[in-house]
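Structure data follow from protein-v1.cif (mmCIF, C-alpha atoms and all ligand atoms):
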data_start
#
loop_
_atom_site.group_PDB
_atom_site.id
_atom_site.type_symbol
_atom_site.label_atom_id
_atom_site.label_comp_id
_atom_site.auth_asym_id
_atom_site.auth_seq_id
_atom_site.Cartn_x
_atom_site.Cartn_y
_atom_site.Cartn_z
ATOM 1 C CA MET A 1387 9.903 6.529 34.552
ATOM 2 C CA LYS A 1388 7.309 7.910 32.187
ATOM 3 C CA GLN A 1389 5.417 4.704 31.694
ATOM 4 C CA GLY A 1390 5.492 2.341 34.609
ATOM 5 C CA ASP A 1391 2.620 -0.004 35.175
ATOM 6 C CA GLY A 1392 0.568 1.794 32.598
ATOM 7 C CA SER A 1393 1.025 1.080 29.007
ATOM 8 C CA MET A 1394 -0.307 -1.591 26.857
ATOM 9 C CA GLY A 1395 0.077 -4.870 24.370
ATOM 10 C CA GLY A 1396 -5.504 -16.387 17.569
ATOM 11 C CA ASN A 1397 -2.328 -17.302 16.358
ATOM 12 C CA LYS A 1398 -3.044 -17.633 12.670
ATOM 13 C CA PRO A 1399 -0.850 -18.441 9.687
ATOM 14 C CA ARG A 1400 1.295 -15.471 8.781
ATOM 15 C CA PRO A 1401 1.069 -13.940 5.342
ATOM 16 C CA GLY A 1402 4.052 -14.609 3.185
ATOM 17 C CA PHE A 1403 6.773 -12.418 1.808
ATOM 18 C CA PRO A 1404 6.922 -9.655 0.694
ATOM 19 C CA ALA A 1405 5.690 -7.518 3.520
ATOM 20 C CA LYS A 1406 4.174 -4.193 2.629
ATOM 21 C CA LEU A 1407 4.491 -1.508 5.206
ATOM 22 C CA VAL A 1408 2.618 1.413 3.762
ATOM 23 C CA THR A 1409 3.217 5.070 4.413
ATOM 24 C CA HIS A 1410 0.410 7.369 3.354
ATOM 25 C CA SER A 1411 0.748 10.928 2.200
ATOM 26 C CA THR A 1412 -2.828 12.002 2.655
ATOM 27 C CA GLY A 1413 -4.668 13.838 5.437
ATOM 28 C CA PRO A 1414 -2.588 14.798 8.421
ATOM 29 C CA LEU A 1415 -0.111 12.035 7.744
ATOM 30 C CA ARG A 1416 3.221 12.721 6.134
ATOM 31 C CA LYS A 1417 4.951 10.663 3.545
ATOM 32 C CA THR A 1418 8.349 9.336 4.449
ATOM 33 C CA PRO A 1419 10.915 8.793 1.727
ATOM 34 C CA LEU A 1420 10.740 5.176 0.770
ATOM 35 C CA ALA A 1421 12.139 3.309 -2.149
ATOM 36 C CA PRO A 1422 11.336 1.653 -4.403
ATOM 37 C CA ALA A 1423 7.632 2.371 -4.701
ATOM 38 C CA VAL A 1424 5.386 -0.524 -5.662
ATOM 39 C CA ARG A 1425 1.685 -0.858 -6.134
ATOM 40 C CA PRO A 1426 0.093 -1.158 -2.710
ATOM 41 C CA ALA A 1427 -1.874 -4.312 -1.947
ATOM 42 C CA GLY A 1428 -4.036 -3.000 0.889
ATOM 43 C CA PRO A 1429 -7.738 -2.195 0.809
ATOM 44 C CA PRO A 1430 -8.662 0.586 -1.628
ATOM 45 C CA ALA A 1431 -10.472 2.537 1.104
ATOM 46 C CA VAL A 1432 -7.202 3.586 2.670
ATOM 47 C CA LEU A 1433 -4.972 3.575 -0.319
ATOM 48 C CA GLY A 1434 -6.775 6.292 -2.173
ATOM 49 C CA ARG A 1435 -4.799 9.312 -3.280
ATOM 50 C CA ALA A 1436 -1.228 8.761 -4.372
ATOM 51 C CA PRO A 1437 -0.021 6.666 -1.461
ATOM 52 C CA ALA A 1438 3.622 5.794 -1.166
ATOM 53 C CA ALA A 1439 4.246 2.138 -0.539
ATOM 54 C CA THR A 1440 7.305 0.004 -0.325
ATOM 55 C CA THR A 1441 8.244 -3.594 -0.358
ATOM 56 C CA ILE A 1442 10.569 -4.035 2.527
ATOM 57 C CA GLN A 1443 13.260 -6.623 2.121
ATOM 58 C CA PRO A 1444 13.890 -8.847 5.115
ATOM 59 C CA VAL A 1445 17.311 -8.529 6.672
ATOM 60 C CA LYS A 1446 18.723 -12.005 6.414
ATOM 61 C CA GLY A 1447 20.305 -13.428 9.545
ATOM 62 C CA ARG A 1448 19.691 -10.306 11.594
ATOM 63 C CA VAL A 1449 19.967 -11.038 15.279
ATOM 64 C CA ALA A 1450 19.175 -8.073 17.478
ATOM 65 C CA SER A 1451 20.817 -9.487 20.572
ATOM 66 C CA GLY A 1452 22.567 -12.485 21.981
ATOM 67 C CA PHE A 1453 19.283 -14.393 22.155
ATOM 68 C CA GLY A 1454 19.305 -15.881 18.681
ATOM 69 C CA THR A 1455 16.994 -18.885 18.454
ATOM 70 C CA GLY A 1456 17.228 -19.529 22.212
ATOM 71 C CA SER A 1457 14.744 -16.785 22.975
ATOM 72 C CA GLN A 1458 11.717 -19.078 22.590
ATOM 73 C CA ALA A 1459 12.257 -20.615 26.043
ATOM 74 C CA VAL A 1460 12.625 -17.189 27.685
ATOM 75 C CA ARG A 1461 9.430 -16.051 25.973
ATOM 76 C CA ALA A 1462 7.582 -19.182 27.080
ATOM 77 C CA ASP A 1463 8.654 -18.323 30.619
ATOM 78 C CA MET A 1464 7.338 -14.759 30.205
ATOM 79 C CA VAL A 1465 4.004 -16.141 28.966
ATOM 80 C CA ARG A 1466 3.783 -18.562 31.928
ATOM 81 C CA LYS A 1467 4.328 -15.611 34.283
ATOM 82 C CA LEU A 1468 1.627 -13.596 32.500
ATOM 83 C CA GLU A 1469 -0.776 -16.510 32.918
ATOM 84 C CA ALA A 1470 0.107 -16.718 36.604
ATOM 85 C CA GLN A 1471 -0.698 -12.993 36.864
ATOM 86 C CA GLY A 1472 -4.163 -13.669 35.461
ATOM 87 C CA VAL A 1473 -3.815 -13.143 31.710
ATOM 88 C CA SER A 1474 -6.070 -15.782 30.156
ATOM 89 C CA HIS A 1475 -6.715 -14.603 26.579
ATOM 90 C CA ARG A 1476 -5.367 -17.464 24.447
ATOM 91 C CA GLY A 1477 -4.826 -15.335 21.343
ATOM 92 C CA VAL A 1478 -2.908 -12.664 23.249
ATOM 93 C CA LEU A 1479 -0.714 -15.254 24.951
ATOM 94 C CA ALA A 1480 -0.035 -16.971 21.622
ATOM 95 C CA ALA A 1481 0.934 -13.671 19.994
ATOM 96 C CA MET A 1482 3.244 -12.809 22.875
ATOM 97 C CA LEU A 1483 4.873 -16.207 22.587
ATOM 98 C CA ALA A 1484 5.400 -15.693 18.870
ATOM 99 C CA ILE A 1485 6.695 -12.108 18.727
ATOM 100 C CA GLU A 1486 10.296 -11.660 19.766
ATOM 101 C CA ARG A 1487 10.229 -8.650 22.079
ATOM 102 C CA HIS A 1488 14.030 -8.415 22.219
ATOM 103 C CA ARG A 1489 14.068 -7.311 18.579
ATOM 104 C CA PHE A 1490 12.303 -4.079 19.555
ATOM 105 C CA VAL A 1491 14.756 -2.770 22.125
ATOM 106 C CA ASP A 1492 18.382 -1.696 21.925
ATOM 107 C CA SER A 1493 20.755 -4.642 22.118
ATOM 108 C CA ALA A 1494 22.111 -3.297 25.423
ATOM 109 C CA LEU A 1495 18.632 -3.812 26.925
ATOM 110 C CA ALA A 1496 17.822 -7.084 25.169
ATOM 111 C CA ASN A 1497 18.575 -9.156 28.255
ATOM 112 C CA GLN A 1498 15.719 -7.332 30.020
ATOM 113 C CA ALA A 1499 13.284 -7.746 27.140
ATOM 114 C CA TYR A 1500 11.328 -10.590 28.760
ATOM 115 C CA GLU A 1501 11.205 -9.165 32.262
ATOM 116 C CA ASP A 1502 8.011 -7.503 33.397
ATOM 117 C CA THR A 1503 9.362 -4.025 33.011
ATOM 118 C CA SER A 1504 8.865 -1.067 30.710
ATOM 119 C CA LEU A 1505 11.967 -0.095 28.724
ATOM 120 C CA PRO A 1506 13.174 3.079 27.009
ATOM 121 C CA ILE A 1507 12.870 3.058 23.209
ATOM 122 C CA GLY A 1508 14.423 6.460 22.536
ATOM 123 C CA LEU A 1509 13.162 10.051 22.205
ATOM 124 C CA GLY A 1510 11.842 9.939 25.785
ATOM 125 C CA GLN A 1511 9.319 7.167 24.999
ATOM 126 C CA THR A 1512 8.913 3.702 26.489
ATOM 127 C CA ILE A 1513 7.694 0.258 25.517
ATOM 128 C CA SER A 1514 5.101 -0.856 28.040
ATOM 129 C CA LYS A 1515 5.787 -3.787 30.301
ATOM 130 C CA PRO A 1516 4.452 -7.117 28.999
ATOM 131 C CA ASN A 1517 1.784 -7.346 31.680
ATOM 132 C CA VAL A 1518 0.253 -4.019 30.668
ATOM 133 C CA VAL A 1519 0.469 -4.837 26.960
ATOM 134 C CA ALA A 1520 -1.319 -8.134 27.659
ATOM 135 C CA ARG A 1521 -3.981 -6.403 29.756
ATOM 136 C CA MET A 1522 -4.786 -3.851 27.070
ATOM 137 C CA LEU A 1523 -4.852 -6.398 24.264
ATOM 138 C CA SER A 1524 -7.020 -8.772 26.318
ATOM 139 C CA LEU A 1525 -9.525 -5.945 26.756
ATOM 140 C CA LEU A 1526 -9.378 -4.960 23.090
ATOM 141 C CA PHE A 1527 -9.816 -8.508 21.826
ATOM 142 C CA GLU A 1528 -12.329 -9.624 24.439
ATOM 143 C CA ARG A 1529 -14.923 -9.231 21.698
ATOM 144 C CA GLU A 1530 -14.596 -11.613 18.822
ATOM 145 C CA SER A 1531 -15.721 -8.924 16.341
ATOM 146 C CA VAL A 1532 -12.502 -6.957 16.878
ATOM 147 C CA ASN A 1533 -10.505 -10.004 15.908
ATOM 148 C CA LEU A 1534 -12.055 -10.035 12.472
ATOM 149 C CA GLY A 1535 -11.757 -6.393 11.599
ATOM 150 C CA ARG A 1536 -9.453 -3.426 11.142
ATOM 151 C CA VAL A 1537 -7.577 -2.005 14.094
ATOM 152 C CA LEU A 1538 -6.028 1.441 14.605
ATOM 153 C CA GLU A 1539 -3.098 1.958 16.969
ATOM 154 C CA ILE A 1540 -2.073 5.431 18.082
ATOM 155 C CA GLY A 1541 1.582 5.468 19.096
ATOM 156 C CA THR A 1542 3.601 2.885 17.152
ATOM 157 C CA GLY A 1543 6.654 3.481 19.324
ATOM 158 C CA CYS A 1544 9.124 0.686 18.640
ATOM 159 C CA GLY A 1545 6.465 -1.384 16.868
ATOM 160 C CA TYR A 1546 6.162 -4.228 19.391
ATOM 161 C CA GLN A 1547 2.461 -3.854 20.083
ATOM 162 C CA ALA A 1548 1.806 -3.262 16.384
ATOM 163 C CA ALA A 1549 3.345 -6.675 15.674
ATOM 164 C CA LEU A 1550 1.092 -8.282 18.281
ATOM 165 C CA LEU A 1551 -1.945 -6.515 16.830
ATOM 166 C CA SER A 1552 -1.046 -7.842 13.413
ATOM 167 C CA HIS A 1553 -1.300 -11.389 14.822
ATOM 168 C CA LEU A 1554 -4.642 -10.655 16.394
ATOM 169 C CA SER A 1555 -6.562 -8.805 13.701
ATOM 170 C CA ARG A 1556 -7.181 -8.698 9.984
ATOM 171 C CA GLU A 1557 -5.646 -5.297 9.185
ATOM 172 C CA VAL A 1558 -3.684 -2.888 11.365
ATOM 173 C CA TYR A 1559 -2.964 0.833 10.909
ATOM 174 C CA SER A 1560 -0.437 2.223 13.351
ATOM 175 C CA ILE A 1561 0.377 5.940 13.620
ATOM 176 C CA GLU A 1562 3.446 7.522 15.196
ATOM 177 C CA ARG A 1563 4.087 11.278 15.546
ATOM 178 C CA LEU A 1564 7.871 11.036 16.031
ATOM 179 C CA ARG A 1565 9.684 10.378 12.794
ATOM 180 C CA GLY A 1566 12.657 8.810 14.561
ATOM 181 C CA LEU A 1567 10.426 6.172 16.134
ATOM 182 C CA HIS A 1568 8.360 5.632 13.000
ATOM 183 C CA ASP A 1569 11.596 4.847 11.155
ATOM 184 C CA LYS A 1570 12.863 2.658 13.968
ATOM 185 C CA ALA A 1571 9.608 0.687 14.067
ATOM 186 C CA ARG A 1572 9.767 0.136 10.332
ATOM 187 C CA GLU A 1573 13.299 -1.192 10.715
ATOM 188 C CA ASN A 1574 12.373 -3.424 13.686
ATOM 189 C CA LEU A 1575 9.324 -4.825 11.905
ATOM 190 C CA ARG A 1576 11.052 -5.642 8.633
ATOM 191 C CA PHE A 1577 12.184 -8.967 10.065
ATOM 192 C CA PHE A 1578 8.617 -10.085 10.779
ATOM 193 C CA ARG A 1579 7.178 -9.602 7.274
ATOM 194 C CA LEU A 1580 3.731 -8.557 8.485
ATOM 195 C CA ALA A 1581 1.762 -7.888 5.320
ATOM 196 C CA ASN A 1582 -1.383 -6.723 7.155
ATOM 197 C CA LEU A 1583 0.416 -4.011 9.137
ATOM 198 C CA HIS A 1584 0.530 -0.444 7.785
ATOM 199 C CA LEU A 1585 2.774 2.112 9.442
ATOM 200 C CA LEU A 1586 1.814 5.767 9.228
ATOM 201 C CA PHE A 1587 3.834 8.829 10.153
ATOM 202 C CA GLY A 1588 1.661 11.621 11.501
ATOM 203 C CA ASP A 1589 -0.425 12.980 14.340
ATOM 204 C CA GLY A 1590 -2.844 10.347 15.591
ATOM 205 C CA MET A 1591 -5.157 12.872 17.299
ATOM 206 C CA PRO A 1592 -7.513 13.010 14.285
ATOM 207 C CA GLY A 1593 -7.289 9.222 13.920
ATOM 208 C CA PHE A 1594 -7.032 7.903 10.380
ATOM 209 C CA ALA A 1595 -10.368 8.379 8.649
ATOM 210 C CA LYS A 1596 -9.368 6.526 5.495
ATOM 211 C CA GLY A 1597 -9.158 3.226 7.365
ATOM 212 C CA ALA A 1598 -12.393 3.752 9.313
ATOM 213 C CA PRO A 1599 -14.581 2.296 10.628
ATOM 214 C CA TYR A 1600 -12.361 0.328 12.998
ATOM 215 C CA SER A 1601 -13.367 -2.704 15.013
ATOM 216 C CA GLY A 1602 -10.738 -1.721 17.536
ATOM 217 C CA ILE A 1603 -8.735 1.374 18.461
ATOM 218 C CA ILE A 1604 -5.883 1.296 20.954
ATOM 219 C CA ALA A 1605 -3.646 4.111 22.203
ATOM 220 C CA ALA A 1606 -0.376 3.835 24.048
ATOM 221 C CA ALA A 1607 -0.333 7.480 25.104
ATOM 222 C CA GLY A 1608 -2.793 9.311 27.326
ATOM 223 C CA GLY A 1609 -4.253 12.809 27.157
ATOM 224 C CA GLU A 1610 -6.836 14.805 29.058
ATOM 225 C CA ALA A 1611 -9.631 13.443 26.945
ATOM 226 C CA ILE A 1612 -10.126 10.773 24.329
ATOM 227 C CA PRO A 1613 -10.351 12.551 20.958
ATOM 228 C CA GLU A 1614 -13.844 12.499 19.492
ATOM 229 C CA ALA A 1615 -12.369 11.562 16.111
ATOM 230 C CA TRP A 1616 -11.415 8.179 17.558
ATOM 231 C CA THR A 1617 -14.912 7.288 18.735
ATOM 232 C CA ASP A 1618 -16.318 8.676 15.457
ATOM 233 C CA GLN A 1619 -14.065 6.251 13.580
ATOM 234 C CA LEU A 1620 -15.086 3.270 15.709
ATOM 235 C CA ALA A 1621 -17.517 0.784 14.119
ATOM 236 C CA VAL A 1622 -20.732 -0.102 15.893
ATOM 237 C CA GLY A 1623 -19.766 -3.204 17.872
ATOM 238 C CA GLY A 1624 -16.196 -1.933 18.097
ATOM 239 C CA ARG A 1625 -14.127 -1.162 21.166
ATOM 240 C CA LEU A 1626 -11.567 1.488 22.077
ATOM 241 C CA VAL A 1627 -8.935 0.983 24.797
ATOM 242 C CA ALA A 1628 -6.843 3.974 25.858
ATOM 243 C CA PRO A 1629 -5.437 5.741 28.885
ATOM 244 C CA ALA A 1630 -6.999 9.096 29.793
ATOM 245 C CA VAL A 1631 -6.584 11.582 32.616
ATOM 246 C CA MET A 1632 -9.543 11.684 35.039
ATOM 247 C CA ALA A 1633 -10.879 14.718 36.919
ATOM 248 C CA SER A 1634 -8.647 13.662 39.822
ATOM 249 C CA GLY A 1635 -5.614 14.248 37.598
ATOM 250 C CA GLN A 1636 -4.814 10.524 37.672
ATOM 251 C CA GLN A 1637 -4.514 8.592 34.427
ATOM 252 C CA HIS A 1638 -6.805 5.556 34.125
ATOM 253 C CA LEU A 1639 -7.395 2.904 31.536
ATOM 254 C CA VAL A 1640 -10.639 3.623 29.668
ATOM 255 C CA VAL A 1641 -12.704 1.213 27.584
ATOM 256 C CA ILE A 1642 -15.342 2.610 25.232
ATOM 257 C CA ASP A 1643 -17.763 0.331 23.413
ATOM 258 C CA LYS A 1644 -19.749 1.699 20.504
ATOM 259 C CA THR A 1645 -23.189 0.141 20.553
ATOM 260 C CA VAL A 1646 -26.429 0.803 18.704
ATOM 261 C CA ARG A 1647 -27.482 2.798 21.777
ATOM 262 C CA GLY A 1648 -24.357 4.960 21.674
ATOM 263 C CA LEU A 1649 -21.025 4.986 23.521
ATOM 264 C CA GLU A 1650 -20.570 2.962 26.708
ATOM 265 C CA ARG A 1651 -17.583 4.039 28.757
ATOM 266 C CA LYS A 1652 -15.845 2.181 31.579
ATOM 267 C CA GLU A 1653 -13.012 3.586 33.665
ATOM 268 C CA LEU A 1654 -10.672 0.918 34.932
ATOM 269 C CA GLU A 1655 -7.442 0.837 36.940
ATOM 270 C CA PRO A 1656 -4.937 3.704 37.235
ATOM 271 C CA VAL A 1657 -2.084 3.578 34.725
ATOM 272 C CA LEU A 1658 0.923 5.662 33.780
ATOM 273 C CA PHE A 1659 1.467 6.167 30.078
ATOM 274 C CA VAL A 1660 3.528 8.718 28.176
ATOM 275 C CA PRO A 1661 1.499 11.808 27.197
ATOM 276 C CA LEU A 1662 -0.573 12.016 24.045
ATOM 277 C CA LYS A 1663 0.781 15.024 22.152
ATOM 278 C CA SER A 1664 -0.416 16.962 19.117
ATOM 279 C CA GLY A 1665 1.583 17.522 15.954
ATOM 280 C CA ILE A 1666 4.598 15.745 14.592
ATOM 281 C CA ALA A 1667 8.293 15.982 15.399
HETATM 282 N N1 LIG B 1 2.912 0.642 21.503
HETATM 283 C C1 LIG B 1 4.223 1.208 21.596
HETATM 284 C C2 LIG B 1 4.354 2.105 22.797
HETATM 285 C C3 LIG B 1 4.969 3.418 22.458
HETATM 286 S S1 LIG B 1 4.871 4.667 23.695
HETATM 287 C C4 LIG B 1 5.276 0.132 21.572
HETATM 288 O O1 LIG B 1 4.926 -1.071 21.552
HETATM 289 O O2 LIG B 1 6.448 0.456 21.545
HETATM 290 C C5 LIG B 1 3.640 5.733 23.030
HETATM 291 C C6 LIG B 1 3.922 6.350 21.703
HETATM 292 O O3 LIG B 1 2.846 7.229 21.386
HETATM 293 C C7 LIG B 1 5.176 7.202 21.635
HETATM 294 O O4 LIG B 1 6.027 6.685 20.662
HETATM 295 C C8 LIG B 1 4.671 8.591 21.280
HETATM 296 O O5 LIG B 1 5.538 9.316 20.429
HETATM 297 C C9 LIG B 1 3.362 8.264 20.583
HETATM 298 N N2 LIG B 1 2.393 9.359 20.510
HETATM 299 C C10 LIG B 1 2.051 10.271 21.451
HETATM 300 N N3 LIG B 1 1.116 11.128 20.979
HETATM 301 C C11 LIG B 1 0.842 10.738 19.691
HETATM 302 C C12 LIG B 1 -0.024 11.225 18.653
HETATM 303 N N4 LIG B 1 -0.810 12.291 18.824
HETATM 304 N N5 LIG B 1 -0.028 10.571 17.479
HETATM 305 C C13 LIG B 1 0.762 9.484 17.263
HETATM 306 N N6 LIG B 1 1.616 8.993 18.188
HETATM 307 C C14 LIG B 1 1.658 9.606 19.387
#

If you took the structure in this file and wrote it as structure tokens, what would it be?
Ligand code: SAH
Amino acid sequence: MKQGDGSMGGNKPRPGFPAKLVTHSTGPLRKTPLAPAVRPAGPPAVLGRAPAATTIQPVKGRVASGFGTGSQAVRADMVRKLEAQGVSHRGVLAAMLAIERHRFVDSALANQAYEDTSLPIGLGQTISKPNVVARMLSLLFERESVNLGRVLEIGTGCGYQAALLSHLSREVYSIERLRGLHDKARENLRFFRLANLHLLFGDGMPGFAKGAPYSGIIAAAGGEAIPEAWTDQLAVGGRLVAPAVMASGQQHLVVIDKTVRGLERKELEPVLFVPLKSGIA
């Protein structure tokens, strides 16, 4: 298992249809073929040079598994278990109650979607177990300021955590380096119509300067060090949550706060995330 215990994770009214999931063609990020192009509605700071944007039509009546509308009770049970395990962030719990996790995994695995387990999402990657997602999001959104600002996610994967982030913050940019997963996430997320969520295909190592500064940055993949570009792109008052490998060779969860005095770094519990890799594939 590549990502066991380690890995990641306000209810407010959702924006209406149509959703705009934006793919940018600038910087290190590659444009994916999308049709038809429409005028993007996001903030001008990140929609500068010739971005490609699409209006994604919802897939009517799509049911990703046998859950259908009955999944609410199973999700409520998952949330109760998370609370029993010590998760107390009301916004995170509300988001996890709202977002249907079974829509992000293959239908053959849907019956395990609400168990506290990580699951394969294809191309050797995994979706973190709910407990770890909740832990990371609780850390990220501990500070109210993050809630109100822009958030950058490195490692979209299947898009589950991106959907949660969209519930918890004003604007979300999520980068994925594997085209297959970027496409899959876009497909999974279509159902949810999340107008404040922008999916990017590219290498997340240099961050995404056009959206900076970010109130929050979260990574679902861990490298030797946390790229300097990420802390550079963090706003003062912002927080970064990511796994990183320590001198011992063990991966730990790291929290970095950017303050007026500089960066304040805390190393927390050991985790086991998939590796942070350079380049795209
Ligand atoms: N949050 C995701 C978890 C995905 S696992 C979810 O909810 O499904 C981590 C992801 O990080 C993988 O999809 C992996 O391809 C991606 N990743 C690793 N290195 C990356 C990089 N440099 N830039 C962007 N994505 C990266």

Close residues, segment 1533-1537 of chain A itself excluded, 7 Å, only C-alpha atoms, min 5 positions apart in chain, as a list in words: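 Near neighbours after the sequence-gap exclusion: Phe1527, Leu1554, Ser1555, Arg1556, Glu1557, Val1558, Tyr1559, Tyr1600, Ser1601, Gly1602 and Ile1603 of chain A.
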
At most 6 Å from ligand LIG 1 (chain B) (only C-alpha atoms and all ligand atoms): residue list as a list in words: Gln1511, Thr1512, Ile1513, Ile1540, Gly1541, Thr1542, Gly1543, Cys1544, Gly1545, Tyr1546, Gln1547, Ile1561, Glu1562, Arg1563, Leu1564, Asp1589, Gly1590, Met1591, Ala1606, Ala1607, Val1660, Pro1661, Leu1662, Lys1663 and Ser1664 of chain A

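Rounded to one decimal, atom CA of Phe1659 of chain A and atom CA of Leu1583 of chain A lie 23.3 Å from each other.
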
Result set, the PyMOL selection byres (((chain A and resi 1645) around 9) and not hetatm) on current file, as an NGL selection string: :A and (1621-1624 or 1643-1644 or 1646-1650)

Residues from last step as file, C-alpha atoms, as a tab-separated table (two decimals), in the coordinates of the input:
chain	number	residue	atom	x	y	z
A	1621	ALA	CA	-17.52	0.78	14.12
A	1622	VAL	CA	-20.73	-0.10	15.89
A	1623	GLY	CA	-19.77	-3.20	17.87
A	1624	GLY	CA	-16.20	-1.93	18.10
A	1643	ASP	CA	-17.76	0.33	23.41
A	1644	LYS	CA	-19.75	1.70	20.50
A	1646	VAL	CA	-26.43	0.80	18.70
A	1647	ARG	CA	-27.48	2.80	21.78
A	1648	GLY	CA	-24.36	4.96	21.67
A	1649	LEU	CA	-21.02	4.99	23.52
A	1650	GLU	CA	-20.57	2.96	26.71

Explicit residues for the PyMOL selection byres (((chain A and resi 1488) around 9) and not hetatm) (as a list in words):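 For this structure, the PyMOL selection byres (((chain A and resi 1488) around 9) and not hetatm) captures Ala1450, Ser1451, Phe1453, Ser1457, Ile1485, Glu1486, Arg1487, Arg1489, Phe1490, Val1491, Asp1492, Ser1493, Leu1495, Ala1496, Asn1497, Gln1498, Ala1499 and Tyr1500 of chain A.
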
Residue members of the PyMOL selection byres (((chain A and resi 1637) around 9) and not hetatm) in the file shown, as a count of residues only: 18
